[in-house]
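Worksheet for the structure shown next.
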Amino acid sequence: MFIELDLQSETPIYAQLVDQIIEGIASGALQPGDPLPSVRSLAEDLGINLHTVNKSYNLLKQEGFLQVHRKKGVIVQPDGMPGVTEAFEEKLRGQLRSLAAEAAVRGMTEEAFAQQSRSLYRDTITNRGGERL
Amino acid sequence: MTAQETIMISSFYFFIALMISIQAYFGLRTLLFGIALPAEALQETAVQSIRRNYVLLTGGFAIVIGVACFLVTRHQTTGRSILSWMTAVLLLMIVSVFAIRISRMSAQRLKAARGWQDAVQTKRAASLAVGRTQGSVPGSWWYSAHVAVMALCIYFAVARWNAIPQSLAIHMGPNGIPDNFINKSVRTVFMMNFVQALMITLFVGYNLTIRRARTSLDPQDREGSLRKQLKLKKIHSITAWGISLLGIANLGLLQAVMLYGWKLNLLIRFNISFMVVFFLTLIGILLYLRFRGLDQQRDVPSQEERHWKWLGSTYANPEDPALFVPDRYGFGWTINMANPRGKSITAATIAVLATAILVPIFIFR
């Protein structure tokens with residue numbers, strides 16, 4: 001799997017990294033137990049600050065998507081992914097609310113909005129664009 | 001100087017001069033002496049003439065100084081001839097530095113006059129596959145072959161200790177009879193093995209450098225650029241392994257000539273063959289990389305000109321966490337001198353190399 005960052009994007013670099021790793025897990029490109037590069041190695045390959053990669057890995061570790069082993073290094077969570085927590089539901093509602101509001105203002109129907117959500121959800125989990133390591 | 005020695009040293013000079021003269025055509029075509037140009041500029045006559053002028057200047061100087069050196073050294077002793085040829089190589093390098101500086105200035109002026117802008121690359125790509133970016137390079141254990149050659153040399157020296165003469169010949173006179181000797185001691189007998197150990201350390205370090213060097217991908221062609229870079233790493237590391245093995249064997253042969261009275265001719269022939277193999281391999285690799293487009297890979301994070309100092313030969317970027325990055329000219333790798341570890345590694349490399357050269361000089365005095 002490849003990581004691709006846009007340094008000029010409005011989305012912070014650490015967030016792009018977090019999003020792409022989660023998308024990789026969702027699509028199956030990253031399987032539970034798969035190793036990830038070390039913080040230094042990934043930062044060197046991307047030419048970005050070590051702290052940025054470290055921040056992304058720490059966030060993913062705190063959320064339960066990654067494990068950091070002394071011997072194995074960084075691996076994709078092998079003991080089951082974190083479930084739907086209250087915090088996640090809160091985050092989902094927050095992000096969907098603003099998108100739903102904008103969709104409504106722009107005249108998008110409820111059905112079209114729901115259809116887009118369904119379509120994206122299915123695309124993500126059906127390995128679209130995802131390559132195995 | 002014998003005919004064989006003349007052939008050996010003049011061919012060495014010839015290949016060095018050739019490499020220096022044609023370096024303007026190595027590596028990335030869109031880089032003109034370290035100055036980035038847009039792809040459409042390559043067809044410009046002015047760009048081609050900057051490259052051609054460099055070749056004419058350095059090549060012309062190389063021919064003049066080479067012929068002069070050949071005429072002067074024909075009747076000189078081997079020691080003096082080697083000194084003269086080395087001076088010629090040094091002079092050629094100095095002229096080459098000036099020629100590069102002039103060519104860079106011409107390239108900068110041309111770029112400003114045409115209003116060519118650097119393409120800003122805001123995307124970065126990397127592979128998440130652990131080990132894939134390093135797996136193409138042979139592990140350090142490959143160098144156990146070198147250690148085995150060195151161990152064999154040490155074993156012979158220990159086993160045949162009593163047969164080694166008390167005085168070791170270190171220099172041949174013009175009539176082929178040794179005219180300079182040093183006394184047999186642990187230091188003098190095993191000196192070449194010490195140099196072998198230093199050279200092995202150096203080459204293991206180089207192999208690790210290739211292994212650890214950044215593999216930054218082209219966001220437009222991630223898979224293709226990854227494949228090309230892995231191939232490039234493999235070619236470099238296997239070549240360095242083979243050439244260094246021959247070099248270690250060469251030192252062993254030199255030790256055998258000194259200690260066991262092996263024929264000097266054998267060493268000279270091996271040296272000539274070694275140089276021919278070395279330079280043919282180098283030219284072969286350069287041509288192969290060019291035909292396959294493997295020397296046209298750009299390391300995206302290190303492309304900004306302001307980070308390349310000293311005529312574009314040294315990389316120093318404090319914002320780049322990478323220690324080893326692909327050389328901007330597309331051949332080999334270089335150290336990020338803004339990284340404190342990079343400075344230590346450079347100092348250690350120079351120290352090992354200097355020790356390997358100075359130890360024999362000091363002992364032979």
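In the structure tokens, the first chain shown is A, the next is B, and so on; residue numbers restart at 1 for each chain, and ligands run from 1 in the order shown.
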
Query - Exercise answer, chain B residues close to chain A, 9 Å and only C-alpha atoms, as a list in words - result: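 Putting it all together, I get Gln121, Thr122, Lys123, Arg124, Ala125, Ala126, Ser127, Leu128, Ala129, Val130, Gly131, Arg212, Ala213, Arg214, Thr215, Ser216, Leu217, Pro219, Arg222, Glu223, Val300, Pro301, Ser302, Glu319, Asp320, Pro321, Ala322, Leu323 and Phe324 of chain B.
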
Query - Spatial neighbours of Ile238 in chain B, 9 Å, only C-alpha atoms, chain gap at least 4 places, as a ChimeraX atom specification - result: /B:137-138,207,233-234,242-243

Env of Ala112 in chain A: 10 Å cut, atoms = only C-alpha atoms, seq-sep filter 5 positions within chain, self excluded. Answer as a CSV table (one decimal) with N, CA and C atoms, in the first residue's frame.
chain,number,residue,atom,x,y,z
A,103,ALA,N,-25.3,20.2,2.6
A,103,ALA,CA,-26.0,19.5,1.5
A,103,ALA,C,-27.4,20.1,1.4
A,117,SER,N,-23.6,8.5,1.1
A,117,SER,CA,-22.9,7.9,2.3
A,117,SER,C,-22.8,6.4,2.1
A,118,ARG,N,-23.9,5.8,1.7
A,118,ARG,CA,-23.9,4.3,1.5
A,118,ARG,C,-22.9,3.9,0.5

**Report entry** Within 9 Å of Thr188 in chain B using only C-alpha atoms, minus same-chain residues under 3 positions, as a list in words
**Finding:**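 Residues meeting the cut-off are Leu168, Ile182, Asn183, Lys184, Ser185, Met191, Met192, Pro360, Ile363 and Phe364 of chain B.
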
**Report entry** Å distance separating CA of Tyr288 in chain B from CA of Ile16 in chain B, one decimal place
**Finding:** 19.6 Å

**Report entry** DSSP alpha helix (DSSP H) selection over range 4-130 of chain A, as a PyMOL selection string
**Finding:** chain A and resi 13-27+39-46+50-63+86-105+110-125

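When CA of Arg328 in chain B is paired with CA of Tyr315 in chain B, their separation reads 8.7 Å.
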
Tell me which protein, DNA and RNA residues are within 8 Å of Pro82 in chain A, counting only C-alpha atoms, leaving out same-chain ones fewer than 2 positions away, and put them as a PDB file with C-alpha atoms, in the first residue's frame.
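Generated output (selection-v6.pdb):
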ATOM      1  CA  GLU A  63      -7.748   4.788  19.093  1.00  0.00           C
ATOM      2  CA  GLY A  64      -6.737   1.116  19.015  1.00  0.00           C
ATOM      3  CA  PHE A  65      -5.972   0.756  15.289  1.00  0.00           C
ATOM      4  CA  GLY A  80      -9.684  -6.907  16.901  1.00  0.00           C
ATOM      5  CA  VAL A  84     -18.170   1.904  17.758  1.00  0.00           C
ATOM      6  CA  THR A  85     -17.563   3.969  20.861  1.00  0.00           C
TER       7      THR A  85
END
